[in-house]
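S.K.: Provided herewith: final_14.txt, compact mmCIF, N, CA, C and O atoms.
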# COMPACT_ATOMS: atom_id res chain seq x y z
N MET A 1 -14.34 7.91 -5.43
CA MET A 1 -13.17 8.65 -5.83
C MET A 1 -12.92 8.46 -7.32
O MET A 1 -13.17 7.40 -7.86
N THR A 2 -12.40 9.48 -7.92
CA THR A 2 -12.10 9.42 -9.34
C THR A 2 -10.63 9.09 -9.55
O THR A 2 -9.82 9.22 -8.65
N ALA A 3 -10.33 8.72 -10.77
CA ALA A 3 -8.95 8.36 -11.12
C ALA A 3 -8.23 9.57 -11.71
O ALA A 3 -7.78 9.54 -12.84
N THR A 4 -8.15 10.64 -10.94
CA THR A 4 -7.45 11.84 -11.37
C THR A 4 -6.09 11.88 -10.69
O THR A 4 -6.00 11.76 -9.46
N PRO A 5 -5.01 12.05 -11.45
CA PRO A 5 -3.68 12.11 -10.83
C PRO A 5 -3.60 13.22 -9.79
O PRO A 5 -4.14 14.31 -9.98
N LEU A 6 -2.91 12.93 -8.69
CA LEU A 6 -2.68 13.96 -7.68
C LEU A 6 -1.58 14.90 -8.15
O LEU A 6 -0.61 14.47 -8.79
N SER A 7 -1.73 16.18 -7.82
CA SER A 7 -0.65 17.14 -8.09
C SER A 7 0.48 16.85 -7.11
O SER A 7 0.31 16.14 -6.11
N GLU A 8 1.64 17.42 -7.36
CA GLU A 8 2.78 17.26 -6.45
C GLU A 8 2.41 17.75 -5.05
O GLU A 8 2.76 17.13 -4.05
N ALA A 9 1.70 18.88 -4.97
CA ALA A 9 1.30 19.42 -3.67
C ALA A 9 0.32 18.48 -2.97
O ALA A 9 0.44 18.25 -1.76
N GLU A 10 -0.66 17.96 -3.70
CA GLU A 10 -1.63 17.04 -3.11
C GLU A 10 -0.94 15.76 -2.63
O GLU A 10 -1.25 15.26 -1.55
N LEU A 11 -0.02 15.26 -3.42
CA LEU A 11 0.71 14.05 -3.04
C LEU A 11 1.57 14.32 -1.80
O LEU A 11 1.59 13.51 -0.87
N GLY A 12 2.24 15.44 -1.76
CA GLY A 12 3.04 15.79 -0.60
C GLY A 12 2.20 15.87 0.66
O GLY A 12 2.61 15.38 1.72
N LEU A 13 1.03 16.46 0.55
CA LEU A 13 0.13 16.56 1.70
C LEU A 13 -0.34 15.17 2.12
O LEU A 13 -0.36 14.85 3.32
N ALA A 14 -0.69 14.34 1.16
CA ALA A 14 -1.14 12.98 1.47
C ALA A 14 -0.04 12.19 2.18
O ALA A 14 -0.32 11.42 3.11
N LEU A 15 1.20 12.38 1.77
CA LEU A 15 2.30 11.64 2.37
C LEU A 15 2.53 12.03 3.83
O LEU A 15 3.07 11.22 4.60
N THR A 16 2.11 13.22 4.23
CA THR A 16 2.24 13.59 5.65
C THR A 16 1.35 12.70 6.52
O THR A 16 1.65 12.49 7.69
N ASP A 17 0.26 12.20 5.94
CA ASP A 17 -0.63 11.30 6.67
C ASP A 17 -0.26 9.83 6.46
O ASP A 17 -0.91 8.95 7.03
N LEU A 18 0.75 9.57 5.64
CA LEU A 18 1.19 8.21 5.34
C LEU A 18 2.70 8.10 5.58
O LEU A 18 3.48 7.92 4.65
N PRO A 19 3.13 8.20 6.84
CA PRO A 19 4.57 8.26 7.11
C PRO A 19 5.34 7.00 6.72
O PRO A 19 6.56 7.07 6.55
N ASP A 20 4.68 5.88 6.56
CA ASP A 20 5.36 4.64 6.18
C ASP A 20 5.54 4.51 4.67
O ASP A 20 6.16 3.56 4.21
N TRP A 21 5.00 5.45 3.92
CA TRP A 21 4.97 5.37 2.46
C TRP A 21 5.87 6.42 1.83
O TRP A 21 6.08 7.49 2.38
N SER A 22 6.34 6.10 0.63
CA SER A 22 7.12 7.05 -0.16
C SER A 22 6.82 6.81 -1.63
O SER A 22 6.16 5.83 -1.99
N VAL A 23 7.29 7.70 -2.46
CA VAL A 23 7.12 7.55 -3.90
C VAL A 23 8.43 7.02 -4.47
O VAL A 23 9.49 7.59 -4.22
N ARG A 24 8.31 5.93 -5.20
CA ARG A 24 9.47 5.31 -5.83
C ARG A 24 9.07 4.85 -7.22
O ARG A 24 8.09 4.10 -7.36
N ASP A 25 9.78 5.30 -8.23
CA ASP A 25 9.51 4.91 -9.62
C ASP A 25 8.05 5.15 -10.02
O ASP A 25 7.44 4.32 -10.69
N GLY A 26 7.50 6.29 -9.56
CA GLY A 26 6.15 6.65 -9.93
C GLY A 26 5.05 5.87 -9.22
O GLY A 26 3.88 5.92 -9.61
N LYS A 27 5.43 5.17 -8.15
CA LYS A 27 4.46 4.38 -7.39
C LYS A 27 4.56 4.74 -5.91
O LYS A 27 5.63 5.08 -5.42
N LEU A 28 3.45 4.64 -5.24
CA LEU A 28 3.39 4.81 -3.79
C LEU A 28 3.80 3.48 -3.19
O LEU A 28 3.19 2.45 -3.50
N THR A 29 4.88 3.46 -2.39
CA THR A 29 5.42 2.19 -1.91
C THR A 29 5.64 2.18 -0.40
O THR A 29 5.89 3.22 0.22
N ALA A 30 5.55 0.98 0.15
CA ALA A 30 5.86 0.76 1.57
C ALA A 30 6.21 -0.71 1.75
O ALA A 30 5.72 -1.58 1.02
N THR A 31 7.04 -0.97 2.74
CA THR A 31 7.39 -2.34 3.11
C THR A 31 7.23 -2.48 4.61
O THR A 31 7.65 -1.62 5.37
N PHE A 32 6.62 -3.58 5.00
CA PHE A 32 6.37 -3.87 6.40
C PHE A 32 7.01 -5.18 6.79
O PHE A 32 7.08 -6.11 5.98
N LYS A 33 7.49 -5.27 8.02
CA LYS A 33 8.05 -6.49 8.57
C LYS A 33 7.03 -7.10 9.52
O LYS A 33 6.36 -6.39 10.27
N ALA A 34 6.95 -8.42 9.47
CA ALA A 34 6.02 -9.13 10.35
C ALA A 34 6.61 -10.50 10.66
O ALA A 34 7.49 -11.00 9.96
N ASP A 35 6.10 -11.10 11.69
CA ASP A 35 6.44 -12.49 11.96
C ASP A 35 5.95 -13.31 10.77
O ASP A 35 4.84 -13.12 10.29
N ARG A 36 6.81 -14.19 10.26
CA ARG A 36 6.45 -14.96 9.07
C ARG A 36 5.13 -15.69 9.21
O ARG A 36 4.40 -15.83 8.24
N SER A 37 4.79 -16.12 10.40
CA SER A 37 3.56 -16.88 10.59
C SER A 37 2.31 -16.01 10.41
O SER A 37 1.22 -16.54 10.18
N THR A 38 2.45 -14.68 10.50
CA THR A 38 1.28 -13.80 10.35
C THR A 38 1.10 -13.27 8.93
O THR A 38 0.05 -12.72 8.61
N VAL A 39 2.12 -13.44 8.09
CA VAL A 39 2.05 -12.88 6.73
C VAL A 39 0.89 -13.47 5.91
O VAL A 39 0.19 -12.72 5.23
N PRO A 40 0.62 -14.78 5.96
CA PRO A 40 -0.51 -15.29 5.17
C PRO A 40 -1.86 -14.66 5.56
O PRO A 40 -2.65 -14.30 4.69
N ALA A 41 -2.10 -14.49 6.85
CA ALA A 41 -3.35 -13.86 7.28
C ALA A 41 -3.40 -12.40 6.87
O ALA A 41 -4.46 -11.90 6.46
N LEU A 42 -2.26 -11.73 6.95
CA LEU A 42 -2.21 -10.33 6.50
C LEU A 42 -2.52 -10.25 5.02
O LEU A 42 -3.32 -9.42 4.60
N TYR A 43 -1.91 -11.11 4.22
CA TYR A 43 -2.17 -11.06 2.78
C TYR A 43 -3.63 -11.37 2.47
O TYR A 43 -4.22 -10.74 1.58
N THR A 44 -4.23 -12.29 3.18
CA THR A 44 -5.65 -12.60 2.98
C THR A 44 -6.50 -11.35 3.25
O THR A 44 -7.41 -11.03 2.48
N ALA A 45 -6.19 -10.64 4.33
CA ALA A 45 -6.93 -9.40 4.65
C ALA A 45 -6.70 -8.34 3.58
O ALA A 45 -7.63 -7.62 3.19
N VAL A 46 -5.47 -8.24 3.09
CA VAL A 46 -5.15 -7.28 2.03
C VAL A 46 -5.94 -7.60 0.77
O VAL A 46 -6.55 -6.72 0.16
N ALA A 47 -5.95 -8.86 0.37
CA ALA A 47 -6.67 -9.26 -0.85
C ALA A 47 -8.16 -8.95 -0.74
O ALA A 47 -8.78 -8.48 -1.69
N THR A 48 -8.72 -9.18 0.42
CA THR A 48 -10.14 -8.88 0.64
C THR A 48 -10.40 -7.38 0.51
O THR A 48 -11.34 -6.95 -0.16
N ALA A 49 -9.55 -6.57 1.14
CA ALA A 49 -9.71 -5.11 1.07
C ALA A 49 -9.55 -4.61 -0.37
O ALA A 49 -10.29 -3.73 -0.82
N GLU A 50 -8.59 -5.16 -1.09
CA GLU A 50 -8.38 -4.77 -2.48
C GLU A 50 -9.60 -5.10 -3.33
O GLU A 50 -10.05 -4.29 -4.14
N ASP A 51 -10.13 -6.30 -3.14
CA ASP A 51 -11.31 -6.70 -3.92
C ASP A 51 -12.52 -5.83 -3.59
O ASP A 51 -13.27 -5.45 -4.49
N GLU A 52 -12.68 -5.50 -2.32
CA GLU A 52 -13.80 -4.63 -1.93
C GLU A 52 -13.68 -3.26 -2.58
O GLU A 52 -14.67 -2.66 -2.98
N ALA A 53 -12.46 -2.74 -2.69
CA ALA A 53 -12.23 -1.41 -3.26
C ALA A 53 -12.08 -1.46 -4.78
O ALA A 53 -12.06 -0.42 -5.43
N ASN A 54 -11.95 -2.66 -5.33
CA ASN A 54 -11.64 -2.85 -6.76
C ASN A 54 -10.41 -2.03 -7.14
O ASN A 54 -10.37 -1.35 -8.16
N HIS A 55 -9.42 -2.09 -6.27
CA HIS A 55 -8.15 -1.39 -6.49
C HIS A 55 -7.06 -2.25 -5.87
O HIS A 55 -7.12 -2.57 -4.68
N HIS A 56 -6.08 -2.62 -6.66
CA HIS A 56 -5.12 -3.64 -6.24
C HIS A 56 -3.69 -3.13 -6.27
O HIS A 56 -3.29 -2.43 -7.20
N ALA A 57 -2.94 -3.52 -5.28
CA ALA A 57 -1.52 -3.17 -5.17
C ALA A 57 -0.68 -4.27 -5.81
O ALA A 57 -1.12 -5.42 -5.92
N GLU A 58 0.53 -3.90 -6.18
CA GLU A 58 1.54 -4.91 -6.47
C GLU A 58 2.05 -5.33 -5.10
O GLU A 58 2.45 -4.49 -4.29
N VAL A 59 2.02 -6.62 -4.82
CA VAL A 59 2.42 -7.12 -3.51
C VAL A 59 3.62 -8.05 -3.68
O VAL A 59 3.61 -8.92 -4.55
N THR A 60 4.63 -7.83 -2.85
CA THR A 60 5.77 -8.74 -2.81
C THR A 60 5.92 -9.27 -1.39
O THR A 60 5.78 -8.51 -0.42
N ILE A 61 6.15 -10.56 -1.32
CA ILE A 61 6.32 -11.20 -0.01
C ILE A 61 7.65 -11.94 -0.04
O ILE A 61 7.91 -12.72 -0.96
N LEU A 62 8.48 -11.66 0.94
CA LEU A 62 9.77 -12.33 1.06
C LEU A 62 10.05 -12.54 2.53
O LEU A 62 10.23 -11.56 3.28
N TYR A 63 10.05 -13.78 2.94
CA TYR A 63 10.24 -14.14 4.33
C TYR A 63 9.28 -13.34 5.20
O TYR A 63 8.09 -13.43 5.02
N GLY A 64 9.78 -12.53 6.09
CA GLY A 64 8.92 -11.78 7.01
C GLY A 64 8.63 -10.37 6.57
O GLY A 64 8.35 -9.51 7.39
N THR A 65 8.72 -10.10 5.26
CA THR A 65 8.39 -8.76 4.77
C THR A 65 7.29 -8.84 3.73
O THR A 65 7.18 -9.81 2.98
N ILE A 66 6.49 -7.81 3.72
CA ILE A 66 5.45 -7.67 2.70
C ILE A 66 5.53 -6.24 2.17
O ILE A 66 5.52 -5.29 2.95
N GLY A 67 5.68 -6.13 0.87
CA GLY A 67 5.83 -4.83 0.25
C GLY A 67 4.65 -4.52 -0.65
O GLY A 67 4.03 -5.43 -1.23
N PHE A 68 4.35 -3.24 -0.76
CA PHE A 68 3.23 -2.79 -1.58
C PHE A 68 3.68 -1.67 -2.50
O PHE A 68 4.48 -0.83 -2.12
N ALA A 69 3.14 -1.67 -3.72
CA ALA A 69 3.36 -0.57 -4.66
C ALA A 69 2.01 -0.26 -5.30
O ALA A 69 1.30 -1.17 -5.75
N LEU A 70 1.65 1.01 -5.30
CA LEU A 70 0.34 1.43 -5.79
C LEU A 70 0.46 2.55 -6.83
O LEU A 70 1.25 3.49 -6.65
N ASN A 71 -0.29 2.43 -7.87
CA ASN A 71 -0.61 3.53 -8.78
C ASN A 71 -1.90 3.14 -9.48
O ASN A 71 -2.40 2.04 -9.29
N THR A 72 -2.46 4.06 -10.23
CA THR A 72 -3.78 3.82 -10.84
C THR A 72 -3.64 3.71 -12.35
O THR A 72 -3.29 4.68 -13.02
N HIS A 73 -3.90 2.52 -12.86
CA HIS A 73 -3.77 2.27 -14.29
C HIS A 73 -4.72 3.17 -15.10
O HIS A 73 -4.33 3.67 -16.16
N ASP A 74 -5.94 3.38 -14.60
CA ASP A 74 -6.93 4.20 -15.31
C ASP A 74 -6.56 5.68 -15.36
O ASP A 74 -7.21 6.45 -16.04
N ALA A 75 -5.53 6.06 -14.64
CA ALA A 75 -5.05 7.45 -14.65
C ALA A 75 -3.65 7.52 -15.27
O ALA A 75 -2.85 8.37 -14.91
N GLY A 76 -3.37 6.60 -16.17
CA GLY A 76 -2.07 6.60 -16.83
C GLY A 76 -0.94 6.19 -15.91
O GLY A 76 0.19 6.67 -16.04
N ASP A 77 -1.23 5.30 -14.97
CA ASP A 77 -0.25 4.81 -13.99
C ASP A 77 0.26 5.91 -13.06
O ASP A 77 1.37 5.84 -12.54
N ALA A 78 -0.57 6.92 -12.85
CA ALA A 78 -0.24 8.00 -11.91
C ALA A 78 -0.75 7.62 -10.52
O ALA A 78 -1.54 6.70 -10.35
N ILE A 79 -0.30 8.36 -9.52
CA ILE A 79 -0.80 8.18 -8.16
C ILE A 79 -2.03 9.05 -7.99
O ILE A 79 -2.01 10.24 -8.31
N THR A 80 -3.10 8.45 -7.49
CA THR A 80 -4.38 9.13 -7.30
C THR A 80 -4.85 8.98 -5.85
O THR A 80 -4.23 8.27 -5.05
N ALA A 81 -5.98 9.59 -5.55
CA ALA A 81 -6.59 9.45 -4.23
C ALA A 81 -6.97 8.00 -3.95
O ALA A 81 -7.03 7.58 -2.79
N LEU A 82 -7.24 7.22 -5.00
CA LEU A 82 -7.51 5.79 -4.80
C LEU A 82 -6.30 5.12 -4.16
O LEU A 82 -6.45 4.24 -3.29
N ASP A 83 -5.12 5.52 -4.59
CA ASP A 83 -3.90 4.92 -4.06
C ASP A 83 -3.64 5.34 -2.62
O ASP A 83 -3.25 4.51 -1.79
N THR A 84 -3.83 6.62 -2.32
CA THR A 84 -3.57 7.07 -0.96
C THR A 84 -4.59 6.46 0.01
O THR A 84 -4.23 6.12 1.14
N ALA A 85 -5.83 6.30 -0.43
CA ALA A 85 -6.83 5.66 0.42
C ALA A 85 -6.48 4.19 0.66
O ALA A 85 -6.58 3.69 1.79
N MET A 86 -6.04 3.50 -0.40
CA MET A 86 -5.65 2.10 -0.24
C MET A 86 -4.40 1.99 0.63
O MET A 86 -4.29 1.09 1.45
N ALA A 87 -3.46 2.92 0.49
CA ALA A 87 -2.27 2.90 1.32
C ALA A 87 -2.63 3.01 2.80
O ALA A 87 -2.08 2.29 3.64
N ALA A 88 -3.56 3.89 3.12
CA ALA A 88 -4.00 4.03 4.51
C ALA A 88 -4.63 2.73 5.00
O ALA A 88 -4.39 2.30 6.14
N ARG A 89 -5.42 2.10 4.15
CA ARG A 89 -6.07 0.83 4.52
C ARG A 89 -5.02 -0.26 4.71
O ARG A 89 -5.09 -1.04 5.66
N LEU A 90 -4.04 -0.33 3.83
CA LEU A 90 -3.00 -1.35 3.95
C LEU A 90 -2.16 -1.15 5.20
O LEU A 90 -1.80 -2.11 5.87
N THR A 91 -1.89 0.10 5.54
CA THR A 91 -1.16 0.38 6.78
C THR A 91 -1.95 -0.10 7.99
O THR A 91 -1.40 -0.72 8.90
N ALA A 92 -3.25 0.18 7.98
CA ALA A 92 -4.10 -0.25 9.10
C ALA A 92 -4.11 -1.77 9.21
O ALA A 92 -4.01 -2.32 10.31
N LEU A 93 -4.22 -2.45 8.08
CA LEU A 93 -4.22 -3.92 8.10
C LEU A 93 -2.88 -4.46 8.59
O LEU A 93 -2.84 -5.41 9.38
N ALA A 94 -1.80 -3.87 8.13
CA ALA A 94 -0.47 -4.30 8.58
C ALA A 94 -0.36 -4.15 10.10
O ALA A 94 0.10 -5.07 10.80
N THR A 95 -0.80 -3.01 10.61
CA THR A 95 -0.74 -2.76 12.05
C THR A 95 -1.60 -3.77 12.81
O THR A 95 -1.16 -4.32 13.83
N GLU A 96 -2.80 -4.03 12.31
CA GLU A 96 -3.69 -5.00 12.95
C GLU A 96 -3.07 -6.39 13.02
O GLU A 96 -3.38 -7.17 13.92
N HIS A 97 -2.20 -6.71 12.08
CA HIS A 97 -1.56 -8.03 12.04
C HIS A 97 -0.15 -8.03 12.64
O HIS A 97 0.61 -8.97 12.46
N GLY A 98 0.17 -6.97 13.37
CA GLY A 98 1.43 -6.92 14.11
C GLY A 98 2.64 -6.56 13.27
O GLY A 98 3.77 -6.70 13.72
N ALA A 99 2.42 -6.10 12.05
CA ALA A 99 3.54 -5.70 11.19
C ALA A 99 3.95 -4.28 11.53
O ALA A 99 3.17 -3.49 12.04
N ARG A 100 5.19 -3.96 11.20
CA ARG A 100 5.70 -2.61 11.42
C ARG A 100 6.45 -2.18 10.17
O ARG A 100 6.97 -3.00 9.41
N SER A 101 6.52 -0.90 9.96
CA SER A 101 7.22 -0.38 8.80
C SER A 101 8.66 -0.84 8.83
O SER A 101 9.29 -0.88 9.89
N SER A 102 9.19 -1.19 7.68
CA SER A 102 10.59 -1.62 7.65
C SER A 102 11.52 -0.44 7.90
O SER A 102 12.69 -0.62 8.17
N ASP A 103 10.98 0.78 7.83
CA ASP A 103 11.76 1.97 8.13
C ASP A 103 11.70 2.35 9.60
O ASP A 103 12.39 3.26 10.03
N GLY A 104 10.82 1.66 10.34
CA GLY A 104 10.64 2.08 11.73
C GLY A 104 10.93 1.04 12.73
O GLY A 104 11.40 0.00 12.57
Render the structure in this file as structure tokens.

M.R.:
Amino acid sequence: MTATPLSEAELGLALTDLPDWSVRDGKLTATFKADRSTVPALYTAVATAEDEANHHAEVTILYGTIGFALNTHDAGDAITALDTAMAARLTALATEHGARSSDG
């Protein structure tokens, strides 16, 4: 995938496949709730996936929540297909570790 910013239409379409995610302050963001004891394993899986993709999220962890913010620095901090692909991967990892969207 290239680091080309998504158009508003492309981003809107991508968000239909990422119901746990939204755009906030120019970043693709989501927050998941999990049992505190599972957060370390979830973060380890996230870090591995990020390193494999060479694309990294801003991650915040507070008690039983883990939040993600994505944009692509090489595209002028815009949201790209790299971000939507990573968002889908992070959602899958969160689900695998028993986390649920903080909105759901």

S.K.: Tell me, in Å to one decimal, how far CA of Thr38 (chain A) is from CA of Leu15 (chain A).

M.R.: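 Separating CA of Thr38 (chain A) from CA of Leu15 (chain A) is a distance of 26.7 Å.
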
S.K.: Please provide the set of residues having any atom within 7 Å of Leu70 (chain A), restricted to all atoms listed in the file, with same-chain residues fewer than 4 positions apart removed, written as a ChimeraX atom specification.

M.R.: /A:24,26-30,56-58,77-80,83

S.K.: For Ala41 (chain A), please output as a list in words all residues within 12 Å (counting only C-alpha atoms; exclusion window: fewer than 3 positions along the same chain).

M.R.: Ala34, Asp35, Arg36, Ser37, Thr38, Thr44, Ala45, Val46, Ala47, Thr48, Ile66, Leu93, Ala94, Glu96, His97, Gly98 and Ala99 of chain A

S.K.: Would you save the residues from that selection as a PDB file, keeping the file's coordinate frame, using N, CA, C and O atoms?

M.R.:
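Final output, saved to again_33.pdb:
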ATOM      1  N   ALA A  34       6.950  -8.420   9.470  1.00  0.00           N
ATOM      2  CA  ALA A  34       6.020  -9.130  10.350  1.00  0.00           C
ATOM      3  C   ALA A  34       6.610 -10.500  10.660  1.00  0.00           C
ATOM      4  O   ALA A  34       7.490 -11.000   9.960  1.00  0.00           O
ATOM      5  N   ASP A  35       6.100 -11.100  11.690  1.00  0.00           N
ATOM      6  CA  ASP A  35       6.440 -12.490  11.960  1.00  0.00           C
ATOM      7  C   ASP A  35       5.950 -13.310  10.770  1.00  0.00           C
ATOM      8  O   ASP A  35       4.840 -13.120  10.290  1.00  0.00           O
ATOM      9  N   ARG A  36       6.810 -14.190  10.260  1.00  0.00           N
ATOM     10  CA  ARG A  36       6.450 -14.960   9.070  1.00  0.00           C
ATOM     11  C   ARG A  36       5.130 -15.690   9.210  1.00  0.00           C
ATOM     12  O   ARG A  36       4.400 -15.830   8.240  1.00  0.00           O
ATOM     13  N   SER A  37       4.790 -16.120  10.400  1.00  0.00           N
ATOM     14  CA  SER A  37       3.560 -16.880  10.590  1.00  0.00           C
ATOM     15  C   SER A  37       2.310 -16.010  10.410  1.00  0.00           C
ATOM     16  O   SER A  37       1.220 -16.540  10.180  1.00  0.00           O
ATOM     17  N   THR A  38       2.450 -14.680  10.500  1.00  0.00           N
ATOM     18  CA  THR A  38       1.280 -13.800  10.350  1.00  0.00           C
ATOM     19  C   THR A  38       1.100 -13.270   8.930  1.00  0.00           C
ATOM     20  O   THR A  38       0.050 -12.720   8.610  1.00  0.00           O
ATOM     21  N   THR A  44      -4.230 -12.290   3.180  1.00  0.00           N
ATOM     22  CA  THR A  44      -5.650 -12.600   2.980  1.00  0.00           C
ATOM     23  C   THR A  44      -6.500 -11.350   3.250  1.00  0.00           C
ATOM     24  O   THR A  44      -7.410 -11.030   2.480  1.00  0.00           O
ATOM     25  N   ALA A  45      -6.190 -10.640   4.330  1.00  0.00           N
ATOM     26  CA  ALA A  45      -6.930  -9.400   4.650  1.00  0.00           C
ATOM     27  C   ALA A  45      -6.700  -8.340   3.580  1.00  0.00           C
ATOM     28  O   ALA A  45      -7.630  -7.620   3.190  1.00  0.00           O
ATOM     29  N   VAL A  46      -5.470  -8.240   3.090  1.00  0.00           N
ATOM     30  CA  VAL A  46      -5.150  -7.280   2.030  1.00  0.00           C
ATOM     31  C   VAL A  46      -5.940  -7.600   0.770  1.00  0.00           C
ATOM     32  O   VAL A  46      -6.550  -6.720   0.160  1.00  0.00           O
ATOM     33  N   ALA A  47      -5.950  -8.860   0.370  1.00  0.00           N
ATOM     34  CA  ALA A  47      -6.670  -9.260  -0.850  1.00  0.00           C
ATOM     35  C   ALA A  47      -8.160  -8.950  -0.740  1.00  0.00           C
ATOM     36  O   ALA A  47      -8.780  -8.480  -1.690  1.00  0.00           O
ATOM     37  N   THR A  48      -8.720  -9.180   0.420  1.00  0.00           N
ATOM     38  CA  THR A  48     -10.140  -8.880   0.640  1.00  0.00           C
ATOM     39  C   THR A  48     -10.400  -7.380   0.510  1.00  0.00           C
ATOM     40  O   THR A  48     -11.340  -6.950  -0.160  1.00  0.00           O
ATOM     41  N   ILE A  66       6.490  -7.810   3.720  1.00  0.00           N
ATOM     42  CA  ILE A  66       5.450  -7.670   2.700  1.00  0.00           C
ATOM     43  C   ILE A  66       5.530  -6.240   2.170  1.00  0.00           C
ATOM     44  O   ILE A  66       5.520  -5.290   2.950  1.00  0.00           O
ATOM     45  N   LEU A  93      -4.220  -2.450   8.080  1.00  0.00           N
ATOM     46  CA  LEU A  93      -4.220  -3.920   8.100  1.00  0.00           C
ATOM     47  C   LEU A  93      -2.880  -4.460   8.590  1.00  0.00           C
ATOM     48  O   LEU A  93      -2.840  -5.410   9.380  1.00  0.00           O
ATOM     49  N   ALA A  94      -1.800  -3.870   8.130  1.00  0.00           N
ATOM     50  CA  ALA A  94      -0.470  -4.300   8.580  1.00  0.00           C
ATOM     51  C   ALA A  94      -0.360  -4.150  10.100  1.00  0.00           C
ATOM     52  O   ALA A  94       0.100  -5.070  10.800  1.00  0.00           O
ATOM     53  N   GLU A  96      -2.800  -4.030  12.310  1.00  0.00           N
ATOM     54  CA  GLU A  96      -3.690  -5.000  12.950  1.00  0.00           C
ATOM     55  C   GLU A  96      -3.070  -6.390  13.020  1.00  0.00           C
ATOM     56  O   GLU A  96      -3.380  -7.170  13.920  1.00  0.00           O
ATOM     57  N   HIS A  97      -2.200  -6.710  12.080  1.00  0.00           N
ATOM     58  CA  HIS A  97      -1.560  -8.030  12.040  1.00  0.00           C
ATOM     59  C   HIS A  97      -0.150  -8.030  12.640  1.00  0.00           C
ATOM     60  O   HIS A  97       0.610  -8.970  12.460  1.00  0.00           O
ATOM     61  N   GLY A  98       0.170  -6.970  13.370  1.00  0.00           N
ATOM     62  CA  GLY A  98       1.430  -6.920  14.110  1.00  0.00           C
ATOM     63  C   GLY A  98       2.640  -6.560  13.270  1.00  0.00           C
ATOM     64  O   GLY A  98       3.770  -6.700  13.720  1.00  0.00           O
ATOM     65  N   ALA A  99       2.420  -6.100  12.050  1.00  0.00           N
ATOM     66  CA  ALA A  99       3.540  -5.700  11.190  1.00  0.00           C
ATOM     67  C   ALA A  99       3.950  -4.280  11.530  1.00  0.00           C
ATOM     68  O   ALA A  99       3.170  -3.490  12.040  1.00  0.00           O
TER      69      ALA A  99
END

S.K.: Between A:Val39, A:Ala3, A:Leu11, A:Val23, which residue has the minimum interatomic distance to Gly64 (chain A), considering only C-alpha atoms?

M.R.: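 Looking at the shortest contact to Gly64 (chain A), the residue is A:Val39.
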
S.K.: Which of these, A:Thr84, A:Ser102, A:Thr91, A:Thr31, has the shortest distance to Ile61 (chain A) once you count only C-alpha atoms?

M.R.: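 Answer, going by the shortest atom-to-atom distance: A:Thr31.
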
S.K.: Which residue gives the smallest distance to Ala69 (chain A) among A:Arg89, A:Leu13, A:Pro5, A:Ser22, with only N, CA, C and O atoms counted?

M.R.: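 Among A:Arg89, A:Leu13, A:Pro5, A:Ser22, it is A:Ser22 that comes nearest to Ala69 (chain A).
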
S.K.: Run DSSP on the backbone and give me the residues of region 19-76 of chain A it puts in alpha helix (DSSP H), as a PyMOL selection string.

M.R.: chain A and resi 39-53

S.K.: Which parts of chain A does DSSP call strand (DSSP E or B) when run on the backbone here, written out as a ChimeraX atom specification?

M.R.: /A:5,22-24,27-33,58-62,65-70,72,78,80,100-101

S.K.: Do you have the CA of Leu6 (chain A)-CA of Ala81 (chain A) distance handy?

M.R.: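 Separating CA of Leu6 (chain A) from CA of Ala81 (chain A) is a distance of 6.9 Å.
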
S.K.: Taking only C-alpha atoms into account, which of A:Ala87, A:Ser7, A:Trp21, A:Phe68 comes nearest Tyr43 (chain A)?

M.R.: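 Checking each of A:Ala87, A:Ser7, A:Trp21, A:Phe68 against Tyr43 (chain A), counting only C-alpha atoms, the winner is A:Phe68.
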
S.K.: Please, what distance in Å, to one decimal, runs between atom N of Glu8 (chain A) and atom O of Ala88 (chain A)?

M.R.: 21.1 Å

S.K.: Between A:Ala75, A:Ala14, A:Ala49, A:Leu62, which one has atoms that come closest to Leu90 (chain A), using only N, CA, C and O atoms?

M.R.: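 Under the stated criterion, the closest residue is A:Ala49.
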
S.K.: Skipping near chain neighbours, those fewer than 6 positions away, what residues fall within 10 Å of Ala85 (chain A) using only C-alpha atoms, listed as number ranges by chain?

M.R.: A: 1, 14, 18, 53, 55

S.K.: From the structure just shown, export region 8-13 of chain A with N, CA, C and O atoms as a CSV table (one decimal), in the first residue's frame.

M.R.:
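Generated output (decode.csv):
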chain,number,residue,atom,x,y,z
A,8,GLU,N,-12.3,12.1,1.2
A,8,GLU,CA,-13.4,12.1,2.1
A,8,GLU,C,-14.3,10.9,1.8
A,8,GLU,O,-14.8,10.2,2.7
A,9,ALA,N,-14.6,10.7,0.5
A,9,ALA,CA,-15.4,9.6,0.1
A,9,ALA,C,-14.8,8.2,0.4
A,9,ALA,O,-15.5,7.3,0.9
A,10,GLU,N,-13.5,8.1,0.2
A,10,GLU,CA,-12.8,6.8,0.4
A,10,GLU,C,-12.8,6.6,2.0
A,10,GLU,O,-13.0,5.4,2.4
A,11,LEU,N,-12.5,7.6,2.7
A,11,LEU,CA,-12.5,7.4,4.2
A,11,LEU,C,-13.9,7.1,4.7
A,11,LEU,O,-14.0,6.2,5.5
A,12,GLY,N,-14.9,7.7,4.2
A,12,GLY,CA,-16.3,7.4,4.6
A,12,GLY,C,-16.6,5.9,4.3
A,12,GLY,O,-17.2,5.3,5.1
A,13,LEU,N,-16.2,5.5,3.1
A,13,LEU,CA,-16.5,4.1,2.8
A,13,LEU,C,-15.7,3.1,3.7
A,13,LEU,O,-16.2,2.1,4.2
